[in-house]
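Data from data_25.txt: compact mmCIF, C-alpha atoms
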```
# COMPACT_ATOMS: atom_id res chain seq x y z
CA MET A 26 93.52 92.76 92.96
CA ILE A 27 96.60 94.94 93.36
CA ASN A 28 96.98 96.78 96.66
CA TYR A 29 98.91 100.03 96.49
CA SER A 30 99.91 102.87 98.77
CA THR A 31 100.87 106.40 97.80
CA PHE A 32 103.83 108.54 98.78
CA LEU A 33 105.41 111.89 97.96
CA TRP A 34 108.81 111.91 96.28
CA LYS A 35 111.09 114.29 94.46
CA SER A 36 114.22 113.50 92.56
CA PRO A 37 117.36 114.09 94.62
CA LEU A 38 119.19 114.76 91.34
CA ASP A 39 117.10 117.83 90.52
CA GLU A 40 117.42 120.64 93.06
CA GLU A 41 114.37 122.41 91.62
CA ALA A 42 112.15 119.33 91.65
CA VAL A 43 108.91 119.47 93.56
CA GLU A 44 107.39 116.55 95.39
CA LYS A 45 104.81 114.61 93.44
CA ALA A 46 102.56 111.74 94.42
CA TYR A 47 103.46 108.23 93.29
CA ALA A 48 102.03 104.78 93.95
CA LYS A 49 103.84 101.65 95.07
CA ASN A 50 102.30 98.24 94.79
CA GLN A 51 102.07 96.27 98.03
CA VAL A 52 103.02 92.61 97.73
CA THR A 53 100.28 90.54 99.32
CA LYS A 54 102.33 87.37 99.58
CA VAL A 55 105.48 85.74 98.23
CA MET A 56 104.17 82.51 96.79
CA THR A 57 106.52 79.56 97.20
CA PHE A 58 107.36 77.27 94.32
CA ASP A 59 105.36 74.46 95.95
CA GLU A 60 102.33 76.73 96.40
CA PHE A 61 102.53 77.79 92.76
CA VAL A 62 102.83 74.17 91.62
CA LYS A 63 99.77 73.25 93.73
CA HIS A 64 97.88 76.19 92.21
CA ILE A 65 98.70 74.97 88.68
CA ALA A 66 97.76 71.39 89.53
CA ASP A 67 94.47 72.50 91.11
CA HIS A 68 93.58 74.49 87.98
CA ASN A 69 94.13 71.64 85.57
CA GLY A 70 93.19 68.58 87.57
CA VAL A 71 94.70 66.21 84.98
CA PHE A 72 98.28 66.34 86.27
CA THR A 73 99.41 65.65 89.82
CA ARG A 74 101.44 68.16 91.81
CA GLY A 75 104.48 65.92 91.38
CA THR A 76 104.11 65.92 87.61
CA VAL A 77 103.64 69.70 87.47
CA LYS A 78 106.61 70.22 89.82
CA GLY A 79 108.80 67.99 87.66
CA VAL A 80 107.81 69.71 84.43
CA VAL A 81 108.36 73.21 85.85
CA SER A 82 111.70 72.23 87.43
CA ASP A 83 112.89 70.63 84.19
CA THR A 84 111.68 73.69 82.27
CA CYS A 85 113.84 75.95 84.46
CA SER A 86 116.90 73.72 83.99
CA CYS A 87 116.43 73.56 80.25
CA LEU A 88 115.82 77.30 80.02
CA VAL A 89 119.13 77.98 81.79
CA GLU A 90 120.89 75.51 79.49
CA MET A 91 119.51 77.16 76.34
CA LEU A 92 120.30 80.70 77.56
CA LEU A 93 123.87 79.67 78.35
CA ASN A 94 124.11 78.28 74.80
CA GLY A 95 123.26 81.72 73.44
CA TYR A 96 119.64 81.03 72.51
CA LYS A 97 116.61 83.20 73.06
CA VAL A 98 113.67 81.07 74.16
CA GLN A 99 110.16 81.99 73.01
CA PHE A 100 107.91 80.65 75.76
CA GLY A 101 104.48 80.78 74.15
CA GLU A 102 102.14 83.47 75.43
CA LEU A 103 104.38 83.99 78.47
CA GLY A 104 107.09 85.77 76.51
CA VAL A 105 110.69 85.57 75.36
CA PHE A 106 113.70 84.93 77.59
CA GLY A 107 117.17 86.02 76.58
CA ILE A 108 120.36 87.35 78.12
CA SER A 109 122.45 90.49 78.13
CA ILE A 110 125.87 91.01 79.63
CA THR A 111 127.32 93.72 81.84
CA CYS A 112 131.00 94.46 81.50
CA ASP A 113 133.79 96.79 82.46
CA PRO A 114 135.17 98.61 79.44
CA ALA A 115 138.72 98.11 78.20
CA GLU A 116 140.95 100.77 76.69
CA THR A 117 141.16 98.93 73.37
CA LEU A 118 139.57 95.99 71.57
CA THR A 119 142.71 93.92 72.03
CA LYS A 120 142.72 94.54 75.78
CA PHE A 121 139.12 93.40 76.19
CA THR A 122 138.83 89.82 77.50
CA ALA A 123 136.11 87.67 79.01
CA ASP A 124 137.38 88.83 82.42
CA ASN A 125 135.83 92.23 81.63
CA ILE A 126 132.38 90.58 81.62
CA LYS A 127 130.94 90.93 85.12
CA GLU A 128 127.33 89.75 84.89
CA VAL A 129 124.96 87.74 82.76
CA ASN A 130 121.47 89.23 83.05
CA ILE A 131 118.12 87.70 82.20
CA VAL A 132 116.11 89.74 79.72
CA PHE A 133 112.41 88.97 79.65
CA THR A 134 110.07 90.39 77.06
CA PRO A 135 106.44 89.77 78.05
CA GLY A 136 104.19 87.92 75.65
CA VAL A 137 100.53 88.42 74.83
CA ASP A 138 99.22 87.19 78.20
CA LEU A 139 101.45 89.53 80.20
CA ARG A 140 101.62 92.66 78.04
CA ASP A 141 98.46 94.46 79.09
CA LEU A 142 97.97 93.60 82.74
CA ARG A 143 96.84 97.19 83.45
CA SER A 144 93.57 96.75 81.59
CA ARG A 145 92.79 93.59 83.58
CA ALA A 146 93.92 94.84 87.00
CA GLU A 147 91.78 96.03 89.88
CA PHE A 148 93.53 98.51 92.20
CA VAL A 149 92.83 98.95 95.91
CA PRO A 150 94.42 101.79 97.90
CA VAL A 151 95.84 100.70 101.28
CA ALA A 152 97.89 102.30 104.04
CA SER A 153 101.66 102.27 103.69
CA ARG A 154 103.62 99.48 105.40
CA ALA A 155 104.94 102.03 107.93
CA ALA A 156 101.39 103.16 108.76
CA GLN A 157 100.17 99.56 109.05
CA THR A 158 103.05 98.67 111.39
CA ALA A 159 102.53 101.79 113.53
CA THR A 160 98.80 101.15 113.78
CA LEU A 161 99.27 97.54 114.85
CA LYS A 162 101.88 98.57 117.43
CA ALA A 163 99.55 101.28 118.80
CA GLU A 164 96.63 98.86 119.02
CA LYS A 165 98.75 96.31 120.91
CA ASN A 166 99.84 99.05 123.32
CA GLY A 167 96.27 100.20 123.90
CA GLU A 168 96.86 103.56 122.24
CA THR A 169 94.09 105.40 120.41
CA THR A 170 96.15 107.51 118.00
CA VAL A 171 99.11 107.03 115.69
CA ASP A 172 101.70 109.65 114.77
CA LEU A 173 102.14 108.88 111.08
CA ALA A 174 104.96 111.38 110.58
CA ALA A 175 106.98 109.72 113.33
CA ALA A 176 106.14 106.26 112.00
CA LYS A 177 107.40 107.24 108.57
CA GLY A 178 110.52 108.86 110.02
CA ASP A 179 109.51 112.36 108.92
CA SER A 180 111.01 114.54 111.63
CA SER A 181 110.24 117.72 109.66
CA THR A 182 106.56 117.59 110.60
CA SER A 183 106.88 116.15 114.10
CA THR A 184 106.89 118.44 117.09
CA PRO A 185 108.49 117.61 120.44
CA GLY A 186 106.14 115.28 122.24
CA GLY A 187 105.41 113.21 119.15
CA SER A 188 102.43 114.94 117.58
CA THR A 189 102.46 116.78 114.30
CA GLY A 190 101.48 120.31 113.75
CA GLY A 191 99.50 119.41 110.64
CA GLY A 192 97.14 116.89 112.16
CA GLY A 193 99.55 113.98 111.70
CA GLU A 194 98.01 111.91 114.47
CA THR A 195 95.38 109.56 113.17
CA PRO A 196 92.71 108.14 115.52
CA LEU A 197 92.43 104.35 115.54
CA GLY A 198 89.10 102.85 115.01
```
Could you write out this structure as structure tokens?
Amino acid sequence: MINYSTFLWKSPLDEEAVEKAYAKNQVTKVMTFDEFVKHIADHNGVFTRGTVKGVVSDTCSCLVEMLLNGYKVQFGELGVFGISITCDPAETLTKFTADNIKEVNIVFTPGVDLRDLRSRAEFVPVASRAAQTATLKAEKNGETTVDLAAAKGDSSTSTPGGSTGGGGETPLG
């Protein structure tokens, strides 16, 4: 299940752009490495958490080693890992040196299992993080309404006194 909230946005690069609605996924949790290892071990049952942790850790080390040796690594159904580099240009080919290279970036191309997550996903609309935070704060303070415009930092719709002219206060309940 993928939680998402919606927001209005327009490109600051286009003066004639109009606001349009977009969605942003809401991260439910950042799973730690140990939690992920336990999850894998619990799914399989044959290997202990220690074995899974060792294999995954060694996999990461070996993946880095192969990428630094200039290999692309095809990782089964997961996908392909490779690298790209970011550099500052030089005026000529002879003036270009390794010092011009500023970053080594990981390039990941999803495999079969990761390509079409959209068709397998279930989406659930939720309030924005700002609205969730404002609601919790209001509940703790014994308040019965929330000024969403103020919570989101939108001073254009707030009136003095904290309410919005367009019905921006939302009753709690």
Can you tell me, as a short mmCIF file (atom, residue, chain, number, x, y, z; two decimals) with C-alpha atoms, in the coordinates of the input, what residues are no more than 10 Å from Leu92 (chain A) when counting all atoms listed in the file, ignoring any on the same chain fewer than 3 positions away?
```cif
data_model
loop_
_atom_site.label_atom_id
_atom_site.label_comp_id
_atom_site.auth_asym_id
_atom_site.auth_seq_id
_atom_site.Cartn_x
_atom_site.Cartn_y
_atom_site.Cartn_z
CA CYS A 87 116.43 73.56 80.25
CA LEU A 88 115.82 77.30 80.02
CA VAL A 89 119.13 77.98 81.79
CA GLY A 95 123.26 81.72 73.44
CA TYR A 96 119.64 81.03 72.51
CA LYS A 97 116.61 83.20 73.06
CA VAL A 98 113.67 81.07 74.16
CA PHE A 106 113.70 84.93 77.59
CA GLY A 107 117.17 86.02 76.58
CA ILE A 108 120.36 87.35 78.12
CA VAL A 129 124.96 87.74 82.76
CA ILE A 131 118.12 87.70 82.20
#
```
(message) Could you list, as a PyMOL selection string, every residue within 10 Å of region 28-44 of chain A, counting all atoms listed in the file and ignoring same-chain residues fewer than 6 positions away?
(response) chain A and resi 50-53+147-154
(message) Would you compute the distance between CA of Tyr47 (chain A) and CA of Phe133 (chain A)? Give it in Å to one decimal.
(response)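 According to the coordinates, CA of Tyr47 (chain A) and CA of Phe133 (chain A) are separated by 25.2 Å.
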Do a neighbour search on Ile126 (chain A) at 8 Å with all atoms listed in the file, toss out local chain neighbours closer than 5 positions, and write the hits as a short mmCIF file (atom, residue, chain, number, x, y, z; two decimals) with C-alpha atoms, keeping the file's coordinate frame.
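Generated output (around.cif):
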```cif
data_model
loop_
_atom_site.label_atom_id
_atom_site.label_comp_id
_atom_site.auth_asym_id
_atom_site.auth_seq_id
_atom_site.Cartn_x
_atom_site.Cartn_y
_atom_site.Cartn_z
CA ILE A 110 125.87 91.01 79.63
CA THR A 111 127.32 93.72 81.84
CA CYS A 112 131.00 94.46 81.50
CA ASP A 113 133.79 96.79 82.46
#
```
(request) For CA of Thr84 (chain A) and CA of Ile27 (chain A), determine how far apart the two atoms are, in Å to one decimal place. (result)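 About the pair CA of Thr84 (chain A) and CA of Ile27 (chain A): they are 28.3 Å apart.
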Restrict the calculation to all atoms listed in the file, then for each residue of region 73-109 of chain A with any atom at most 10 Å from an atom of region 54-66 of chain A give the closest atom pair and their distance in Å to one decimal, rows by chain and rising residue number, as CSV.
```
residue,atom,partner,partner_atom,distance
A:Thr73,CA,A:Ala66,CA,6.0
A:Arg74,CA,A:Ala66,CA,5.4
A:Gly75,CA,A:Val62,CA,8.4
A:Thr76,CA,A:Ala66,CA,8.6
A:Val77,CA,A:Val62,CA,6.2
A:Lys78,CA,A:Val62,CA,5.8
A:Gly79,CA,A:Val62,CA,9.5
A:Val80,CA,A:Val62,CA,9.8
A:Val81,CA,A:Val62,CA,8.0
A:Ser82,CA,A:Phe58,CA,9.6
```
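Ranking A:Ser109, A:Thr158, A:Gly101, A:Arg145 by their shortest atom-to-atom distance to Lys127 (chain A), with all atoms listed in the file included, puts A:Ser109 first.
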(request) One decimal, Å: what's the distance from CA of Lys177 (chain A) over to CA of Gln157 (chain A), could you say? (result)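 Interatomic distance, CA of Lys177 (chain A) to CA of Gln157 (chain A): 10.6 Å.
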Report as AutoDock Vina command-line options the centre and the edge lengths, in Å to one decimal, of the axis-aligned box holding every listed atom of region 64-70 of chain A, padded by 6 Å on each side.
```
--center_x 95.9 --center_y 72.4 --center_z 88.9 --size_x 17.5 --size_y 19.6 --size_z 18.6
```
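Residue nearest Thr160 (chain A), chosen from A:Ala146, A:Leu118, A:Ala176, A:Cys85 and counting all atoms listed in the file: A:Ala176.
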File for region 143-159 of chain A (N, CA, C and O atoms), as a short mmCIF file (atom, residue, chain, number, x, y, z; two decimals), in the first residue's frame:
```
data_model
loop_
_atom_site.label_atom_id
_atom_site.label_comp_id
_atom_site.auth_asym_id
_atom_site.auth_seq_id
_atom_site.Cartn_x
_atom_site.Cartn_y
_atom_site.Cartn_z
N ARG A 143 3.62 -0.14 -10.68
CA ARG A 143 2.34 0.58 -10.74
C ARG A 143 1.16 -0.38 -10.84
O ARG A 143 0.15 -0.20 -10.18
N SER A 144 1.29 -1.41 -11.64
CA SER A 144 0.16 -2.33 -11.82
C SER A 144 -0.10 -3.17 -10.58
O SER A 144 -1.18 -3.71 -10.41
N ARG A 145 0.89 -3.27 -9.70
CA ARG A 145 0.74 -4.08 -8.49
C ARG A 145 0.47 -3.23 -7.25
O ARG A 145 0.25 -3.77 -6.17
N ALA A 146 0.51 -1.92 -7.39
CA ALA A 146 0.40 -1.03 -6.23
C ALA A 146 -1.04 -0.72 -5.89
O ALA A 146 -1.91 -0.66 -6.75
N GLU A 147 -1.26 -0.51 -4.60
CA GLU A 147 -2.54 -0.01 -4.10
C GLU A 147 -2.25 1.36 -3.51
O GLU A 147 -1.32 1.52 -2.72
N PHE A 148 -3.03 2.38 -3.88
CA PHE A 148 -2.77 3.75 -3.45
C PHE A 148 -3.83 4.21 -2.47
O PHE A 148 -5.02 3.96 -2.66
N VAL A 149 -3.39 4.89 -1.41
CA VAL A 149 -4.29 5.38 -0.37
C VAL A 149 -4.01 6.87 -0.16
O VAL A 149 -2.89 7.24 0.23
N PRO A 150 -5.00 7.74 -0.42
CA PRO A 150 -4.77 9.17 -0.18
C PRO A 150 -4.75 9.46 1.32
O PRO A 150 -5.55 8.92 2.08
N VAL A 151 -3.79 10.29 1.75
CA VAL A 151 -3.67 10.69 3.15
C VAL A 151 -3.41 12.19 3.21
O VAL A 151 -3.06 12.81 2.20
N ALA A 152 -3.56 12.76 4.38
CA ALA A 152 -3.28 14.18 4.57
C ALA A 152 -1.79 14.43 4.42
O ALA A 152 -0.96 13.54 4.65
N SER A 153 -1.44 15.65 4.03
CA SER A 153 -0.03 16.02 3.91
C SER A 153 0.64 15.94 5.28
O SER A 153 -0.03 15.96 6.32
N ARG A 154 1.96 15.88 5.29
CA ARG A 154 2.70 15.86 6.56
C ARG A 154 2.41 17.13 7.36
O ARG A 154 2.26 17.08 8.58
N ALA A 155 2.33 18.28 6.69
CA ALA A 155 2.04 19.53 7.39
C ALA A 155 0.67 19.47 8.04
O ALA A 155 0.50 19.89 9.19
N ALA A 156 -0.33 18.93 7.35
CA ALA A 156 -1.67 18.82 7.91
C ALA A 156 -1.70 17.83 9.07
O ALA A 156 -2.36 18.06 10.09
N GLN A 157 -0.98 16.73 8.94
CA GLN A 157 -0.92 15.75 10.02
C GLN A 157 -0.29 16.36 11.27
O GLN A 157 -0.80 16.19 12.39
N THR A 158 0.81 17.09 11.09
CA THR A 158 1.50 17.72 12.21
C THR A 158 0.62 18.76 12.88
O THR A 158 0.52 18.82 14.11
N ALA A 159 -0.04 19.59 12.07
CA ALA A 159 -0.92 20.64 12.61
C ALA A 159 -2.09 20.03 13.37
O ALA A 159 -2.49 20.52 14.43
#
```
